[in-house]
Amino acid sequence: MTVGREIKKKIGSVENTKKVTSAMQMVAASKMRRTQDRMNHARPYALRIRNLIGHLANSSPEYRHQFMTEREVKRIGFIVVSTDKGQCGGLNTNMFRELVRELQGKREQGIESDLALIGNKAAAFFRAVGGNVVAAINGVGEVPEVESLVGSLKIMLDSFSDGTIDRLDLVSNEFISSMQQRPLVRQLLPLVQSEETEMKHRWDYIYEPDARDLIDGLVQRHIESQVYQAVVENTACEQAARMVAMKNATDNAENMIEELALLYNNARQAAITQEIAEIVGGAAAL
C-alpha cells in the first residue's frame, strides 16, 4: 500500500491548500466590500472635478495654465498603478500587456517614455523587462493617502512643466464589477477638453478672487484626485480579482481531492484484490 499512502499524503496536502485558499477568498470578499465603499465615496468628487476641468479646458481664460497647452509629443510619461501583492489572477498581467502594447506603439512613432510606478508588481515587472523608471513607490496599502502619492506625482508634473515630457498618461485598472476589471490608459496632461456636445463652443468664466490662483489650485486638485481615484479603484479591483482567483483555486482543489480519492480507492481495491488472490493461490497450493 505504498502507492495508497502517497496518494493519502497528497490528499492531505491538497486539503490544507484548500483551507488556505478558502480563507483567503473570504478575507478578500470582506476587504472588497470595504474597498468598494471607499471607491464609491471618492468617485463623485473625481468625476465632478474632471468635468469641471474639461469645461475649463474648453474656455478662453485670461490666464491659461501651462498644463492646458497642447504641444508636439516627443516624450511621454506614464503613471502606472499596480498592486503590492500577487494572487489576484491576471489583473496585473492584463494591465502590463496593455501598457507594453502602448509603449511599443509610441516607440514605433519615435516617442520615448518615462515611468512612475506605484506598487511592487509594477516595479518587479519593469526590473525584468526594462524601462526608464524615474520614480517608484510601494506599500501604499489598502487605505491609500494622497500624501503618499505626492512624491512620484510631483516628479512627473515637474517633468511636464520643464518640457522633459510632453504628455502624461495614467495607467490603472477600472472596476466594472466584482467579476470584471479592465486595464485603462487615460490622458492626464495636457488637460483633456470636455466631450459634451454643448461644451464644444468657447466661453470664459468670471474668477474670484484671481484667475491664476483659482486655476492653479483646481488643476492641482484635479490631478491629485485622478491619481488617488485610480489607486483606490485599483485596490477594489485587486480584492475582487483575488476573491475570484481564490474561489477558482478552492474549486480546483476540491476537484483534485475527488480525483485523488477515486485514485486512492482504485489503488486500495487493487491491493485488496491482489491480497485475496495471493491467499487463494496459497490455499490451492496446500
# chains A, B, ... in the order shown; residues from 1 in each chain; ligands from 1
>>> residues_around(residues="Ala241 of chain A", least_positions_apart="4", cutoff="10 Å", atoms="only C-alpha atoms", output="MDAnalysis selection string")
chainID A and resid 25 28:29 32 87:92 178:181 235:237 245:247
>>> residues_around(residues="Glu258 of chain A", least_positions_apart="2", cutoff="12 Å", atoms="only C-alpha atoms", output="PyMOL selection string")
chain A and resi 7-8+10-11+14-15+251-256+260-265
>>> atom_distance(atom1="atom CA of Ser82 of chain A", atom2="atom CA of Pro144 of chain A")
12.9 Å
>>> select_by_dssp(residues="segment 127-171 of chain A", states="strand (DSSP E)", output="number ranges by chain")
A: 133-137, 167-171
>>> write_last_selection(atoms="N, CA, C and O atoms", output="short mmCIF file (atom, residue, chain, number, x, y, z; two decimals), in the first residue's frame")
data_model
loop_
_atom_site.label_atom_id
_atom_site.label_comp_id
_atom_site.auth_asym_id
_atom_site.auth_seq_id
_atom_site.Cartn_x
_atom_site.Cartn_y
_atom_site.Cartn_z
N VAL A 133 12.52 54.06 -15.62
CA VAL A 133 11.74 54.32 -14.40
C VAL A 133 12.35 55.53 -13.68
O VAL A 133 13.51 55.49 -13.27
N VAL A 134 11.55 56.58 -13.53
CA VAL A 134 12.05 57.80 -12.89
C VAL A 134 11.57 57.93 -11.44
O VAL A 134 12.10 58.73 -10.68
N ALA A 135 10.55 57.15 -11.07
CA ALA A 135 10.04 57.19 -9.70
C ALA A 135 9.29 55.90 -9.42
O ALA A 135 8.70 55.30 -10.32
N ALA A 136 9.33 55.47 -8.17
CA ALA A 136 8.62 54.24 -7.78
C ALA A 136 8.29 54.31 -6.30
O ALA A 136 9.13 54.68 -5.49
N ILE A 137 7.06 53.98 -5.97
CA ILE A 137 6.65 53.89 -4.57
C ILE A 137 5.88 52.59 -4.38
O ILE A 137 5.27 52.06 -5.31
N ARG A 167 3.54 64.84 -22.59
CA ARG A 167 2.20 64.30 -22.29
C ARG A 167 2.35 63.35 -21.11
O ARG A 167 3.39 62.71 -20.95
N LEU A 168 1.31 63.27 -20.30
CA LEU A 168 1.31 62.38 -19.14
C LEU A 168 0.05 61.55 -19.15
O LEU A 168 -1.07 62.10 -19.19
N ASP A 169 0.21 60.22 -19.12
CA ASP A 169 -0.93 59.30 -19.09
C ASP A 169 -0.97 58.54 -17.77
O ASP A 169 0.07 58.32 -17.12
N LEU A 170 -2.17 58.13 -17.39
CA LEU A 170 -2.39 57.35 -16.17
C LEU A 170 -2.85 55.95 -16.57
O LEU A 170 -3.81 55.80 -17.34
N VAL A 171 -2.15 54.93 -16.07
CA VAL A 171 -2.45 53.53 -16.41
C VAL A 171 -2.87 52.81 -15.13
O VAL A 171 -2.12 52.77 -14.15
#
>>> residues_around(residues="segment 109-119 of chain A", least_positions_apart="4", cutoff="8 Å", atoms="only C-alpha atoms", output="NGL selection string")
:A and (73-84 or 103 or 105 or 123 or 131-140 or 152-153 or 156 or 165)
>>> write_last_selection(atoms="C-alpha atoms", output="CSV table (one decimal), in the first residue's frame")
chain,number,residue,atom,x,y,z
A,73,VAL,CA,4.7,64.8,-28.3
A,74,LYS,CA,8.4,63.8,-28.3
A,75,ARG,CA,8.4,62.1,-24.9
A,76,ILE,CA,5.5,60.7,-22.9
A,77,GLY,CA,5.2,59.9,-19.2
A,78,PHE,CA,3.2,57.1,-17.7
A,79,ILE,CA,2.0,56.8,-14.1
A,80,VAL,CA,1.4,53.1,-13.6
A,81,VAL,CA,-0.8,51.9,-10.8
A,82,SER,CA,-0.4,48.2,-9.8
A,83,THR,CA,-0.8,46.1,-6.7
A,84,ASP,CA,1.7,45.4,-4.0
A,103,LEU,CA,4.9,51.6,-25.2
A,105,GLY,CA,3.3,51.8,-30.3
A,123,ALA,CA,8.5,47.7,-10.0
A,131,GLY,CA,12.2,50.7,-18.9
A,132,ASN,CA,13.1,54.3,-17.9
A,133,VAL,CA,11.7,54.3,-14.4
A,134,VAL,CA,12.0,57.8,-12.9
A,135,ALA,CA,10.0,57.2,-9.7
A,136,ALA,CA,8.6,54.2,-7.8
A,137,ILE,CA,6.6,53.9,-4.6
A,138,ASN,CA,5.2,50.8,-2.9
A,139,GLY,CA,3.4,49.9,0.3
A,140,VAL,CA,0.5,52.2,-0.4
A,152,SER,CA,6.0,60.4,-7.7
A,153,LEU,CA,3.3,62.7,-8.9
A,156,MET,CA,6.1,63.7,-13.4
A,165,ILE,CA,7.8,65.1,-21.2
>>> residues_around(residues="Lys85 of chain A", least_positions_apart="5", cutoff="9 Å", atoms="only C-alpha atoms", output="number ranges by chain")
A: 119-121, 238
>>> select_by_dssp(residues="segment 123-272 of chain A", states="alpha helix (DSSP H)", output="VMD selection string")
chain A and resid 123 to 129 146 to 161 211 to 272
>>> closest_atom_pairs(of="segment 212-238 of chain A", to="segment 172-177 of chain A", cutoff="7 Å", atoms="only C-alpha atoms", output="JSON lines")
{"residue": "A:Ala230", "atom": "CA", "partner": "A:Ser172", "partner_atom": "CA", "distance": 6.2}
{"residue": "A:Glu233", "atom": "CA", "partner": "A:Phe175", "partner_atom": "CA", "distance": 6.2}
{"residue": "A:Asn234", "atom": "CA", "partner": "A:Asn173", "partner_atom": "CA", "distance": 5.3}
{"residue": "A:Cys237", "atom": "CA", "partner": "A:Phe175", "partner_atom": "CA", "distance": 5.6}
>>> atom_distance(atom1="atom CA of Phe96 of chain A", atom2="atom CA of Asn248 of chain A")
22.4 Å
>>> atom_distance(atom1="atom CA of Val129 of chain A", atom2="atom CA of Pro183 of chain A")
19.1 Å
